file target.csv (CSV, C-alpha atoms (C1' of nucleotides))
chain,number,residue,atom,x,y,z
M,1,MET,CA,128.8,103.5,94.8
M,2,PRO,CA,126.8,106.6,94.9
M,3,ASP,CA,128.3,110.0,95.9
M,4,GLU,CA,126.9,112.1,98.7
M,5,THR,CA,124.8,114.2,96.4
M,6,THR,CA,123.2,111.2,94.8
M,7,ILE,CA,122.3,109.8,98.2
M,8,HIS,CA,120.9,113.1,99.4
M,9,THR,CA,118.8,113.5,96.3
M,10,TRP,CA,117.5,110.0,96.5
M,11,VAL,CA,116.3,110.6,100.0
M,12,LEU,CA,114.7,113.9,98.9
M,13,LEU,CA,113.0,112.1,96.0
M,14,ALA,CA,111.6,109.4,98.3
M,15,ARG,CA,110.4,112.0,100.8
M,16,ALA,CA,108.9,114.4,98.2
M,17,GLY,CA,107.1,111.6,96.5
M,18,ARG,CA,105.6,110.3,99.7
M,19,THR,CA,104.5,113.6,101.1
M,20,ALA,CA,103.1,114.6,97.8
M,21,VAL,CA,100.9,111.5,97.6
M,22,GLU,CA,100.0,111.8,101.3
M,23,ALA,CA,98.9,115.4,100.9
M,24,VAL,CA,96.5,114.4,98.1
M,25,GLU,CA,95.2,111.3,99.9
M,26,ALA,CA,94.5,113.4,103.0
M,27,GLU,CA,92.4,115.9,100.9
M,28,LEU,CA,90.5,113.1,99.3
M,29,LYS,CA,89.8,111.4,102.6
M,30,ALA,CA,88.7,114.7,104.1
M,31,ALA,CA,86.2,115.1,101.3
M,32,GLY,CA,84.9,111.6,101.9
M,33,LEU,CA,86.2,110.4,98.6
M,34,PRO,CA,88.0,107.1,97.7
M,35,PRO,CA,91.9,106.9,97.7
M,36,LEU,CA,94.1,107.9,94.8
M,37,GLY,CA,94.5,104.3,93.5
M,38,TRP,CA,90.8,104.3,92.7
M,39,TYR,CA,91.2,107.5,90.7
M,40,ASP,CA,94.0,106.1,88.7
M,41,VAL,CA,92.0,103.0,87.7
M,42,LEU,CA,89.0,105.1,86.8
M,43,TRP,CA,91.1,107.4,84.8
M,44,GLU,CA,92.8,104.7,82.9
M,45,LEU,CA,89.5,103.1,82.1
M,46,GLU,CA,87.9,106.4,81.0
M,47,ARG,CA,90.6,107.2,78.5
M,48,ALA,CA,90.9,103.6,77.2
M,49,ASP,CA,89.3,102.5,73.9
M,50,ASP,CA,85.7,101.6,74.6
M,51,ARG,CA,86.3,102.6,78.3
M,52,ALA,CA,87.4,99.0,78.9
M,53,LEU,CA,90.6,97.3,79.8
M,54,ARG,CA,91.8,93.9,80.9
M,55,PRO,CA,93.2,93.7,84.4
M,56,PHE,CA,96.7,92.9,83.2
M,57,GLU,CA,96.6,96.1,81.1
M,58,ILE,CA,95.7,98.2,84.1
M,59,GLU,CA,98.4,96.5,86.1
M,60,SER,CA,101.2,97.4,83.6
M,61,ARG,CA,100.0,101.0,83.2
M,62,LEU,CA,99.8,101.7,86.9
M,63,LEU,CA,102.7,99.4,88.0
M,64,LEU,CA,100.5,97.6,90.4
M,65,ALA,CA,101.1,94.1,91.8
M,66,GLN,CA,98.7,91.6,90.3
M,67,TYR,CA,97.2,90.5,93.6
M,68,ASN,CA,96.9,94.0,94.7
M,69,LEU,CA,94.9,95.1,91.6
M,70,SER,CA,92.8,92.0,91.8
M,71,ARG,CA,91.5,93.0,95.2
M,72,LEU,CA,91.3,96.7,94.3
M,73,LEU,CA,89.0,95.8,91.4
M,74,LYS,CA,86.9,93.7,93.6
M,75,ARG,CA,86.3,96.6,96.0
M,76,MET,CA,85.6,99.0,93.1
M,77,GLU,CA,83.2,96.5,91.6
M,78,ALA,CA,81.4,96.1,95.0
M,79,ALA,CA,81.2,99.9,95.1
M,80,GLY,CA,79.5,99.9,91.7
M,81,LEU,CA,82.3,101.9,90.0
M,82,VAL,CA,83.4,99.3,87.5
M,83,ASP,CA,81.8,96.3,85.8
M,84,ARG,CA,83.4,93.0,85.0
M,85,ARG,CA,82.6,90.6,82.2
M,86,PRO,CA,84.4,87.5,80.9
M,87,SER,CA,86.5,88.1,77.8
M,88,THR,CA,85.2,86.3,74.7
M,89,GLU,CA,88.6,86.2,73.1
M,90,ASP,CA,90.5,84.9,76.0
M,91,GLY,CA,88.9,82.4,78.3
M,92,ARG,CA,91.2,83.3,81.2
M,93,GLY,CA,90.5,87.0,80.9
M,94,HIS,CA,88.1,89.5,82.2
M,95,ILE,CA,87.1,92.8,80.7
M,96,ILE,CA,86.7,95.7,83.1
M,97,THR,CA,84.6,98.7,82.2
M,98,ILE,CA,83.8,101.9,84.0
M,99,THR,CA,80.2,102.4,85.0
M,100,GLU,CA,78.3,105.7,84.9
M,101,ALA,CA,78.7,105.9,88.7
M,102,GLY,CA,82.4,105.3,88.2
M,103,ALA,CA,82.7,108.2,85.7
M,104,ALA,CA,80.7,110.4,88.0
M,105,MET,CA,83.0,109.5,90.9
M,106,ARG,CA,86.0,110.4,88.9
M,107,ARG,CA,84.5,113.8,88.0
M,108,ARG,CA,83.8,114.4,91.7
M,109,MET,CA,87.4,113.4,92.7
M,110,TRP,CA,89.2,115.5,90.1
M,111,PRO,CA,88.7,119.0,91.5
M,112,VAL,CA,89.8,117.8,95.0
M,113,TYR,CA,92.8,116.1,93.5
M,114,ALA,CA,93.7,119.1,91.3
M,115,ARG,CA,93.4,121.6,94.1
M,116,ALA,CA,95.6,119.4,96.3
M,117,ILE,CA,98.3,119.1,93.7
M,118,GLU,CA,98.3,122.9,93.2
M,119,ALA,CA,98.5,123.6,97.0
M,120,ALA,CA,100.9,120.9,98.0
M,121,PHE,CA,103.1,121.0,94.9
M,122,GLY,CA,102.3,123.4,92.1
M,123,ALA,CA,102.5,126.5,94.1
M,124,ARG,CA,106.1,125.8,95.1
M,125,LEU,CA,107.8,126.0,91.7
M,126,SER,CA,107.6,128.4,88.8
M,127,GLY,CA,106.5,127.3,85.4
M,128,SER,CA,110.0,127.0,84.1
M,129,ASP,CA,111.3,125.1,87.2
M,130,MET,CA,108.4,122.8,86.9
M,131,LEU,CA,109.5,122.0,83.3
M,132,ARG,CA,113.0,121.4,84.4
M,133,LEU,CA,111.8,119.1,87.2
M,134,SER,CA,109.6,117.3,84.8
M,135,ALA,CA,112.5,116.6,82.4
M,136,LEU,CA,114.7,115.3,85.1
M,137,LEU,CA,112.1,113.0,86.6
M,138,GLU,CA,111.2,111.8,83.2
M,139,ARG,CA,114.7,110.5,82.8
M,140,VAL,CA,114.6,108.8,86.2
M,141,VAL,CA,111.3,107.1,85.5
M,142,ARG,CA,112.3,106.0,82.0
M,143,GLY,CA,115.4,104.5,83.3
M,144,ALA,CA,113.4,102.5,85.9
M,145,GLU,CA,111.1,101.1,83.2
M,146,GLU,CA,114.0,99.5,81.3
M,147,ALA,CA,115.1,97.5,84.4
X,1,MET,CA,94.1,125.1,89.4
X,2,PRO,CA,97.3,123.4,88.2
X,3,ASP,CA,98.3,123.5,84.6
X,4,GLU,CA,99.1,120.4,82.5
X,5,THR,CA,102.8,120.6,83.2
X,6,THR,CA,102.2,120.6,86.9
X,7,ILE,CA,99.9,117.7,86.8
X,8,HIS,CA,102.2,115.7,84.6
X,9,THR,CA,105.2,116.5,86.9
X,10,TRP,CA,103.2,115.6,90.0
X,11,VAL,CA,102.4,112.2,88.5
X,12,LEU,CA,106.1,111.7,87.6
X,13,LEU,CA,107.2,112.7,91.1
X,14,ALA,CA,104.8,110.2,92.7
X,15,ARG,CA,105.8,107.4,90.3
X,16,ALA,CA,109.6,108.1,90.6
X,17,GLY,CA,109.4,108.2,94.3
X,18,ARG,CA,107.5,105.0,94.5
X,19,THR,CA,109.6,103.1,92.1
X,20,ALA,CA,112.8,104.4,93.6
X,21,VAL,CA,111.7,103.1,97.1
X,22,GLU,CA,110.4,99.8,95.7
X,23,ALA,CA,113.7,99.1,93.9
X,24,VAL,CA,115.6,99.5,97.1
X,25,GLU,CA,113.1,97.5,99.1
X,26,ALA,CA,113.3,94.7,96.6
X,27,GLU,CA,117.1,94.5,96.9
X,28,LEU,CA,117.0,94.5,100.7
X,29,LYS,CA,114.4,91.8,100.7
X,30,ALA,CA,116.4,89.7,98.1
X,31,ALA,CA,119.4,90.0,100.5
X,32,GLY,CA,117.4,88.8,103.4
X,33,LEU,CA,117.6,92.2,105.1
X,34,PRO,CA,114.9,94.2,106.9
X,35,PRO,CA,112.9,96.9,105.1
X,36,LEU,CA,114.0,100.5,104.6
X,37,GLY,CA,112.0,101.9,107.5
X,38,TRP,CA,114.3,99.9,109.8
X,39,TYR,CA,117.3,101.4,108.2
X,40,ASP,CA,116.0,104.9,108.7
X,41,VAL,CA,115.4,104.4,112.4
X,42,LEU,CA,118.8,102.8,112.9
X,43,TRP,CA,120.5,105.6,111.1
X,44,GLU,CA,118.8,108.3,113.0
X,45,LEU,CA,119.7,106.6,116.3
X,46,GLU,CA,123.3,106.1,115.3
X,47,ARG,CA,123.9,109.7,114.4
X,48,ALA,CA,122.0,111.1,117.4
X,49,ASP,CA,123.7,112.3,120.5
X,50,ASP,CA,124.4,109.3,122.8
X,51,ARG,CA,122.9,107.1,120.0
X,52,ALA,CA,119.6,107.7,121.8
X,53,LEU,CA,116.3,109.3,120.8
X,54,ARG,CA,112.8,109.6,122.2
X,55,PRO,CA,110.1,108.0,119.9
X,56,PHE,CA,108.5,111.4,119.2
X,57,GLU,CA,111.9,112.7,118.0
X,58,ILE,CA,112.2,109.8,115.5
X,59,GLU,CA,108.6,110.4,114.5
X,60,SER,CA,109.2,114.0,113.5
X,61,ARG,CA,112.5,113.3,111.8
X,62,LEU,CA,111.1,110.5,109.7
X,63,LEU,CA,107.6,111.9,109.3
X,64,LEU,CA,106.1,108.7,110.6
X,65,ALA,CA,102.6,108.3,112.1
X,66,GLN,CA,102.8,107.8,115.9
X,67,TYR,CA,101.1,104.5,116.0
X,68,ASN,CA,103.1,103.3,113.1
X,69,LEU,CA,106.4,104.1,114.8
X,70,SER,CA,105.2,102.6,118.1
X,71,ARG,CA,104.8,99.3,116.4
X,72,LEU,CA,107.9,99.5,114.3
X,73,LEU,CA,110.0,100.0,117.5
X,74,LYS,CA,108.3,97.1,119.1
X,75,ARG,CA,109.3,94.9,116.2
X,76,MET,CA,112.8,96.2,116.2
X,77,GLU,CA,113.1,95.7,119.9
X,78,ALA,CA,111.9,92.1,119.5
X,79,ALA,CA,114.6,91.7,116.9
X,80,GLY,CA,117.2,92.9,119.3
X,81,LEU,CA,118.2,96.0,117.2
X,82,VAL,CA,117.1,98.6,119.7
X,83,ASP,CA,116.7,98.9,123.4
X,84,ARG,CA,114.1,100.8,125.3
X,85,ARG,CA,114.3,102.3,128.8
X,86,PRO,CA,112.0,104.7,130.6
X,87,SER,CA,112.9,108.4,130.6
X,88,THR,CA,114.0,109.7,133.9
X,89,GLU,CA,113.1,113.2,133.0
X,90,ASP,CA,109.7,112.6,131.6
X,91,GLY,CA,107.5,109.9,133.2
X,92,ARG,CA,105.5,109.5,130.0
X,93,GLY,CA,108.6,109.0,127.8
X,94,HIS,CA,110.8,106.2,126.6
X,95,ILE,CA,114.4,106.4,125.4
X,96,ILE,CA,115.3,104.3,122.5
X,97,THR,CA,118.9,103.3,121.9
X,98,ILE,CA,120.6,101.3,119.2
X,99,THR,CA,122.2,98.0,120.2
X,100,GLU,CA,125.4,96.7,118.9
X,101,ALA,CA,123.4,94.2,116.9
X,102,GLY,CA,121.4,97.1,115.5
X,103,ALA,CA,124.6,99.0,114.5
X,104,ALA,CA,125.9,95.8,112.9
X,105,MET,CA,122.6,95.4,111.0
X,106,ARG,CA,122.8,98.9,109.7
X,107,ARG,CA,126.3,98.3,108.5
X,108,ARG,CA,125.2,95.2,106.7
X,109,MET,CA,122.3,97.0,105.1
X,110,TRP,CA,124.2,100.0,103.8
X,111,PRO,CA,126.1,98.5,100.9
X,112,VAL,CA,122.9,96.9,99.6
X,113,TYR,CA,121.1,100.1,100.0
X,114,ALA,CA,123.8,102.1,98.4
X,115,ARG,CA,124.2,99.8,95.4
X,116,ALA,CA,120.5,99.9,94.8
X,117,ILE,CA,120.4,103.7,94.9
X,118,GLU,CA,123.2,103.8,92.4
X,119,ALA,CA,121.7,101.2,90.0
X,120,ALA,CA,118.1,102.4,90.2
X,121,PHE,CA,118.7,106.1,90.3
X,122,GLY,CA,122.3,107.4,90.5
X,123,ALA,CA,123.3,106.0,87.1
X,124,ARG,CA,120.5,107.8,85.3
X,125,LEU,CA,121.6,111.4,85.9
X,126,SER,CA,124.9,113.2,85.5
X,127,GLY,CA,126.4,114.9,88.6
X,128,SER,CA,125.3,118.3,87.5
X,129,ASP,CA,121.7,117.1,86.8
X,130,MET,CA,121.7,115.4,90.1
X,131,LEU,CA,122.5,118.7,91.8
X,132,ARG,CA,119.7,120.5,89.8
X,133,LEU,CA,117.2,117.8,90.8
X,134,SER,CA,118.3,118.1,94.4
X,135,ALA,CA,117.8,121.8,94.4
X,136,LEU,CA,114.3,121.5,92.9
X,137,LEU,CA,113.2,118.7,95.3
X,138,GLU,CA,114.6,120.6,98.2
X,139,ARG,CA,112.1,123.4,97.4
X,140,VAL,CA,109.2,121.0,97.1
X,141,VAL,CA,110.0,119.3,100.4
X,142,ARG,CA,110.6,122.5,102.2
X,143,GLY,CA,107.3,123.8,101.1
X,144,ALA,CA,105.6,120.7,102.4
X,145,GLU,CA,107.2,121.1,105.8
X,146,GLU,CA,105.6,124.5,106.3
X,147,ALA,CA,102.1,123.2,105.7
J,1,DG,C1',97.8,67.3,68.9
J,2,DC,C1',99.7,66.3,73.3
J,3,DG,C1',102.6,67.2,77.3
J,4,DA,C1',105.2,71.2,79.3
J,5,DT,C1',105.3,75.9,80.1
J,6,DT,C1',103.5,80.4,80.3
J,7,DT,C1',99.9,83.7,81.1
J,8,DA,C1',95.7,85.6,83.5
J,9,DC,C1',93.5,86.1,87.5
J,10,DA,C1',92.0,84.8,92.4
J,11,DT,C1',92.6,83.7,97.2
J,12,DG,C1',94.3,81.9,102.1
J,13,DT,C1',97.1,83.5,105.4
J,14,DA,C1',100.2,86.6,107.7
J,15,DT,C1',101.8,91.1,108.2
J,16,DC,C1',101.2,96.0,108.1
J,17,DT,C1',98.6,100.2,108.3
J,18,DG,C1',95.0,103.6,109.7
J,19,DC,C1',91.7,105.1,112.9
J,20,DA,C1',89.9,105.7,117.1
J,21,DT,C1',90.7,105.5,121.7
J,22,DA,C1',93.0,104.3,126.0
J,23,DT,C1',96.5,105.4,129.7
J,24,DA,C1',99.6,107.9,132.0
J,25,DT,C1',102.2,111.9,132.9
J,26,DA,C1',103.1,116.8,132.3
J,27,DC,C1',101.7,121.6,132.0
J,28,DT,C1',98.7,125.6,132.7
J,29,DA,C1',95.2,128.7,134.6
J,30,DG,C1',93.1,130.5,138.5
I,1,DC,C1',96.7,123.0,145.0
I,2,DT,C1',93.2,121.5,141.6
I,3,DA,C1',90.6,121.1,137.4
I,4,DG,C1',91.3,121.2,132.7
I,5,DT,C1',94.1,120.5,128.8
I,6,DA,C1',98.0,119.0,126.2
I,7,DT,C1',101.7,115.6,125.3
I,8,DA,C1',103.9,110.9,125.0
I,9,DT,C1',103.0,106.4,124.0
I,10,DA,C1',100.2,102.0,123.3
I,11,DT,C1',96.6,99.1,121.5
I,12,DG,C1',91.9,96.9,119.7
I,13,DC,C1',90.0,96.5,115.6
I,14,DA,C1',89.1,96.9,110.7
I,15,DG,C1',90.9,97.3,106.3
I,16,DA,C1',94.9,97.0,103.1
I,17,DT,C1',99.1,94.8,101.4
I,18,DA,C1',102.7,91.1,100.6
I,19,DC,C1',103.7,86.3,99.8
I,20,DA,C1',102.8,82.0,98.3
I,21,DT,C1',100.0,79.3,95.9
I,22,DG,C1',95.8,77.7,93.3
I,23,DT,C1',93.0,77.3,89.0
I,24,DA,C1',92.2,77.6,84.5
I,25,DA,C1',93.1,78.6,79.9
I,26,DA,C1',96.4,79.7,76.2
I,27,DT,C1',100.8,78.8,73.8
I,28,DC,C1',104.8,76.4,72.6
I,29,DG,C1',107.9,72.4,71.4
I,30,DC,C1',108.1,68.5,69.1

call {"tool": "encode", "arguments": {"input": "target.csv", "output": "structure tokens"}}
result
Amino acid sequence: MPDETTIHTWVLLARAGRTAVEAVEAELKAAGLPPLGWYDVLWELERADDRALRPFEIESRLLLAQYNLSRLLKRMEAAGLVDRRPSTEDGRGHIITITEAGAAMRRRMWPVYARAIEAAFGARLSGSDMLRLSALLERVVRGAEEA
Amino acid sequence: MPDETTIHTWVLLARAGRTAVEAVEAELKAAGLPPLGWYDVLWELERADDRALRPFEIESRLLLAQYNLSRLLKRMEAAGLVDRRPSTEDGRGHIITITEAGAAMRRRMWPVYARAIEAAFGARLSGSDMLRLSALLERVVRGAEEA
DNA sequence: GCGATTTACATGTATCTGCATATATACTAG
DNA sequence: CTAGTATATATGCAGATACATGTAAATCGC
């Protein structure tokens, strides 16, 4: 059973994660831009080999539920930010690529995203504290991956 | 603009918070219990004076959107876990109290919740690291409250 | 090389959330 | 007082999410 400190820290972690994301989402929305999930997909695609990924690859990288990603990609395709073509190697599979409009959208989102991170989060900790936090969270996240 | 470490830490924070919550939600669901939000409301009520709070008080303590809480309370009332009566002091207001069934539900949820925290989170950090993480998150959360 | 299982992805349906707005009461200025 | 504004709560509607399940192709066991 967890001790008091662990419980308190867990609650803080949940709250800090939620408010951090909400702050960024609010800025994106205020700027008339799509939500964070769209950015994540665009970014994964842009840095992938050939700017292309299979849905199941995006799913595992972003820890999204399969049905959730399926519909997210449908919306992004409808918005013209990604393209979809059947995989030649795997008859079940699709290949998702980022369009030029998708890359442009990601470039428009980034400064808003970055400024929101700095304002809602970066400004609150010194560089060395940020490194300490990073190291601790890294261990929390890595532990979760195993399970 | 944020530096690389800040961005990386922000992403870790968002991911750690989300997976931490999801791990607990999954355990609650597997045990046939209501989601975390219900627990939070029950807990706030139980530790409040007279085990009663106005909706707007719950809202500010849990950082919930007003319309979201309104509907959450409706569901919990339908499930018999809370009671609602009009406020005598404020004609606009309601007073929410926890029922005996609500208190019993919270007691049933707690061990599942606690075990999930320990497994998904507590076991990954030593006691002293947990204290360090707590102190850092505290500063992140406090900063967010100001804004 | 064929049935059984697994993997990749989609979708119907129910529930939840967000947004805008409604309703009613309280407060405040003059 | 009264008009205007602010606060407390609810709700119609649209969009997003969760769950269960469907479809199709790949892989595995024998």

call {"tool": "residues_around", "arguments": {"input": "target.csv", "residues": "Ser87 in chain X", "least_positions_apart": "4", "cutoff": "12 Å", "atoms": "only C-alpha atoms (C1' of nucleotides)", "output": "NGL selection string"}}
result
(:X and (52-55 or 91-97)) or (:J and (25)) or (:I and (8))

call {"tool": "closest_atom_pairs", "arguments": {"input": "target.csv", "of": "chain M", "to": "chain I", "cutoff": "12 Å", "atoms": "all atoms listed in the file", "output": "tab-separated table"}}
result
residue	atom	partner	partner_atom	distance
M:Pro35	CA	I:DA16	C1'	11.7
M:Leu64	CA	I:DT17	C1'	11.4
M:Ala65	CA	I:DA18	C1'	9.4
M:Gln66	CA	I:DA18	C1'	11.1
M:Tyr67	CA	I:DA18	C1'	8.9
M:Asn68	CA	I:DT17	C1'	7.1
M:Leu69	CA	I:DT17	C1'	10.7
M:Ser70	CA	I:DT17	C1'	11.8
M:Arg71	CA	I:DA16	C1'	9.5
M:Leu72	CA	I:DA16	C1'	9.5
M:Arg75	CA	I:DA16	C1'	11.2
M:Ser87	CA	I:DA25	C1'	11.8
M:Glu89	CA	I:DA26	C1'	10.6
M:Asp90	CA	I:DA25	C1'	7.9
M:Gly91	CA	I:DA25	C1'	5.9
M:Arg92	CA	I:DA25	C1'	5.2
M:Gly93	CA	I:DA25	C1'	8.8

call {"tool": "write_last_selection", "arguments": {"input": "target.csv", "atoms": "C-alpha atoms", "output": "compact mmCIF listing (two decimals), in the coordinates of the input"}}
result
# COMPACT_ATOMS: atom_id res chain seq x y z
CA PRO M 35 91.90 106.90 97.70
CA LEU M 64 100.50 97.60 90.40
CA ALA M 65 101.10 94.10 91.80
CA GLN M 66 98.70 91.60 90.30
CA TYR M 67 97.20 90.50 93.60
CA ASN M 68 96.90 94.00 94.70
CA LEU M 69 94.90 95.10 91.60
CA SER M 70 92.80 92.00 91.80
CA ARG M 71 91.50 93.00 95.20
CA LEU M 72 91.30 96.70 94.30
CA ARG M 75 86.30 96.60 96.00
CA SER M 87 86.50 88.10 77.80
CA GLU M 89 88.60 86.20 73.10
CA ASP M 90 90.50 84.90 76.00
CA GLY M 91 88.90 82.40 78.30
CA ARG M 92 91.20 83.30 81.20
CA GLY M 93 90.50 87.00 80.90

call {"tool": "atom_distance", "arguments": {"input": "target.csv", "atom1": "CA of Val24 in chain X", "atom2": "CA of Ala135 in chain M"}}
result
22.8 Å

call {"tool": "interface_residues", "arguments": {"input": "target.csv", "of": "chain J", "to": "chain M", "cutoff": "10 Å", "atoms": "all atoms listed in the file", "output": "ChimeraX atom specification"}}
result
/J:7-11

call {"tool": "write_last_selection", "arguments": {"input": "target.csv", "atoms": "C-alpha atoms (C1' of nucleotides)", "output": "PDB file, in the coordinates of the input"}}
result
ATOM      1  C1'  DT J   7      99.900  83.700  81.100  1.00  0.00           C
ATOM      2  C1'  DA J   8      95.700  85.600  83.500  1.00  0.00           C
ATOM      3  C1'  DC J   9      93.500  86.100  87.500  1.00  0.00           C
ATOM      4  C1'  DA J  10      92.000  84.800  92.400  1.00  0.00           C
ATOM      5  C1'  DT J  11      92.600  83.700  97.200  1.00  0.00           C
TER       6       DT J  11
END

call {"tool": "interface_residues", "arguments": {"input": "target.csv", "of": "chain X", "to": "chain M", "cutoff": "8 Å", "atoms": "all atoms listed in the file", "output": "ChimeraX atom specification"}}
result
/X:1-2,5-10,12-21,114-115,117-118,120-122,124-125,127,129-131,133-134,136-141,143-144

call {"tool": "atom_distance", "arguments": {"input": "target.csv", "atom1": "CA of Lys74 in chain X", "atom2": "C1' of DG18 in chain J"}}
result
17.5 Å

call {"tool": "atom_distance", "arguments": {"input": "target.csv", "atom1": "CA of Gly80 in chain X", "atom2": "CA of Ile58 in chain X"}}
result
18.0 Å
